[in-house]
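**Q** Here it is, the structure, as structure tokens.
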Amino acid sequence: MLSRPTTDQVLRQVASDLADLVLPHVDGEPARVAVQMMTQLLAGCAQRAAHELAWMHDEMAAIEAAVGDIDDDATQAALAAFRDAPAASLHLDDVAHRYHLASDALGAAVEHAYRVGDRVRSERLRDLLAARSATEMTIIGRLDLVGRG
Amino acid sequence: MHDPAEMPVRLAAFLAGEEPEATDIEVTSYEVMTGGYSRLLAKATVHWTIAGGRRQETFVLRGDPPPDRSLIHTDRAIEWDVLRAVEGRTNIARPRYIDRTGGRLGTRAIVLDYVPSASLLPHMASLADHSHLPDPLAEAAASFHTIPLEEVPASLARPESWEAYMAGRIDEWRATSAAHVESLPILRYVAAWLHAHLPPPVPLSLIHGDFQSANLMIDEHGRIVVLDWELAQIGDPREDLGYFKAVAQAAGPDLTGLDAEAFCARYRALTGFSEAELNPAVLAYFLILGVVGTVRRLLEGGAEFALGTNHLLASVFNLNSIQFGHAMWLSVSRQLEAALVSTKGA
């Protein structure tokens, strides 16, 4: 396969052409809103295409490190499910599945920290969630509610 | 409802059925409107002879999209009941007619009076000073939050108690995470945090459920018109205020936050709430809690897209709002910890 231009480069250009070349010639408001949505979604897809596998891998490692010592059955069961899942494949569906399992362990750990009133742990886990959120904001950029109001 | 070739005839026949004494009904214009994500909207001008005179009226039709194009599923009949309950108390587009089966207008639809007005968002964007708007906003919210529960439509579910209602609302965050196509730990965090920082209780009331700038207009008298009541329910009225604040973080200005103390004071004066029951910190708590219904519906749409059961680009686009919410909930919950007393340790 030809790897360059990369997927994100192509998607970015499609988004740019939609906004600059197509949108000015679209008259109907519903169609204009659809094109604006497409432009934003393509920009987000470009970010994901470039980085999402690496981001998910990094976050899974951070979650595993943060919840491994938590004395809670639900957290440890979720962590075991994550560790049992095959890790060799880099196909997006497979990585997304492991990411889901790691996320489940993180969710269980957060609930446990609040249930037992472990303020230090809950703040540490919240930092992990904040890092996830920062990644999401990198993907979406600014929020533009096209078509509203 | 989006076929301008067919709809004038359908609408004229519908109006003839609703107003048997009306004659010479002509639908002289029919145009599709944008602005609502969930319902089909159209504006129609009608000339007819009714009540002894020739009149021109403009209506807005608000109807269900086809099932495979539907973002959320709500009931037009319940929305109609709510509109009738708030009419005369809250400034709304007056409900005139309903097609309960969709047999006459092509889809279940409500026909409303068209209100000459400007959308609040562009209206605010055109102004340098918004300081005159928070009071009307507080008054608009209080106008339906103070309707006695016995006058709220019986078709809306009555929670057992405030405590049961809040527990259910917080559980909705957990259930939404559990029902999604992937695990959502931020939602589980939100549920745990909300449970640990419950505010003082207030009486439950009718709430709008989607109280945000995009559903508000300014009429020619400078009053706020409240639209889109399809998500109305009985709940904690502070949810509407928090929801407004939440959406305003993405599409401002935040009228509740220009002078948060003054906004809360105005609302308290209209509702009789105490300062402990509503203050800027409690309002911010509801910024998080109040969005759970929308969060659930948007995630359902995203999940349906992921599973291939809907093909709406808007379902994916709306997930951007969820991700924006993640950042906001984390930030606000961290900031509020000093102001809200934890009842559960962490």
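Identifiers in this document derive from the order of the structure tokens: chains are assigned A, B, ..., residues are numbered from 1 separately in each chain, and ligands are numbered from 1 in order of occurrence.
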May I ask you to extract the residues of chain B within 9 Å of chain A, using only C-alpha atoms, and to give them as an MDAnalysis selection string?
**A** chainID B and resid 33:37 119:122 181:189 191:193 196 213:217 250:251 313:314 316:318 320:321 323:324 326:327 330:331 344:346
**Q** In stretch 92-287 of chain B, what's alpha helix (DSSP H) per DSSP? Answer as JSON, numbers by chain?
**A** {"B": [120, 121, 122, 123, 124, 125, 134, 135, 136, 137, 138, 139, 140, 141, 142, 143, 144, 145, 162, 163, 164, 165, 166, 167, 168, 169, 170, 171, 172, 173, 174, 175, 176, 177, 178, 179, 185, 186, 187, 188, 189, 190, 191, 192, 193, 194, 195, 196, 238, 239, 240, 241, 242, 243, 244, 245, 246, 247, 248, 249, 250, 260, 261, 262, 263, 264, 265, 266, 267, 268, 269, 270, 271, 280, 281, 282, 283, 284, 285, 286, 287]}
**Q** Do you know which residues are at most 8 Å from A:Ala46 counting only C-alpha atoms, after dropping those on the same chain fewer than 2 positions away, and could you put them as a VMD selection string?
**A** chain A and resid 7 to 12 42 to 44 48 to 50
**Q** For the residues in the current selection, export C-alpha atoms as a compact mmCIF listing (two decimals), in the first residue's frame.
**A**
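Output file selection-v2.txt is given in full below:
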# COMPACT_ATOMS: atom_id res chain seq x y z
CA THR A 7 -4.81 9.29 5.91
CA ASP A 8 -4.96 12.39 8.06
CA GLN A 9 -3.47 14.52 5.27
CA VAL A 10 -6.14 13.33 2.84
CA LEU A 11 -8.97 13.85 5.31
CA ARG A 12 -7.73 17.31 6.19
CA LEU A 42 -13.51 15.10 8.90
CA ALA A 43 -11.11 17.32 10.82
CA GLY A 44 -11.67 15.16 13.91
CA ARG A 48 -7.85 10.27 15.10
CA ALA A 49 -6.37 8.63 12.02
CA ALA A 50 -2.99 10.13 12.86
**Q** Could you state the separation of atom CA of B:Tyr97 and atom CA of B:Trp80 in Å, given to one decimal place?
**A**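 Going from atom CA of B:Tyr97 over to atom CA of B:Trp80 covers 8.8 Å.
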**Q** I'd like the neighbourhood of B:Asp24 as a count of residues only, where a residue qualifies if any of its atoms comes within 12 Å (using only C-alpha atoms), though same-chain residues fewer than 6 positions away should be ignored.
**A** 13
**Q** Please, what distance in Å, to one decimal, runs between atom CA of A:Gln36 and atom CA of A:Ala19?
**A**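 Separating atom CA of A:Gln36 from atom CA of A:Ala19 is a distance of 7.2 Å.
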**Q** Need to verify the contact set: stretch 236-247 of chain B, 7 Å, only C-alpha atoms, exclusion of same-chain residues closer than 5 positions in sequence. Can you return it as a PyMOL selection string?
**A** chain B and resi 145+204-205+207-209+211-212+254+256+283-284+286-287+289-291
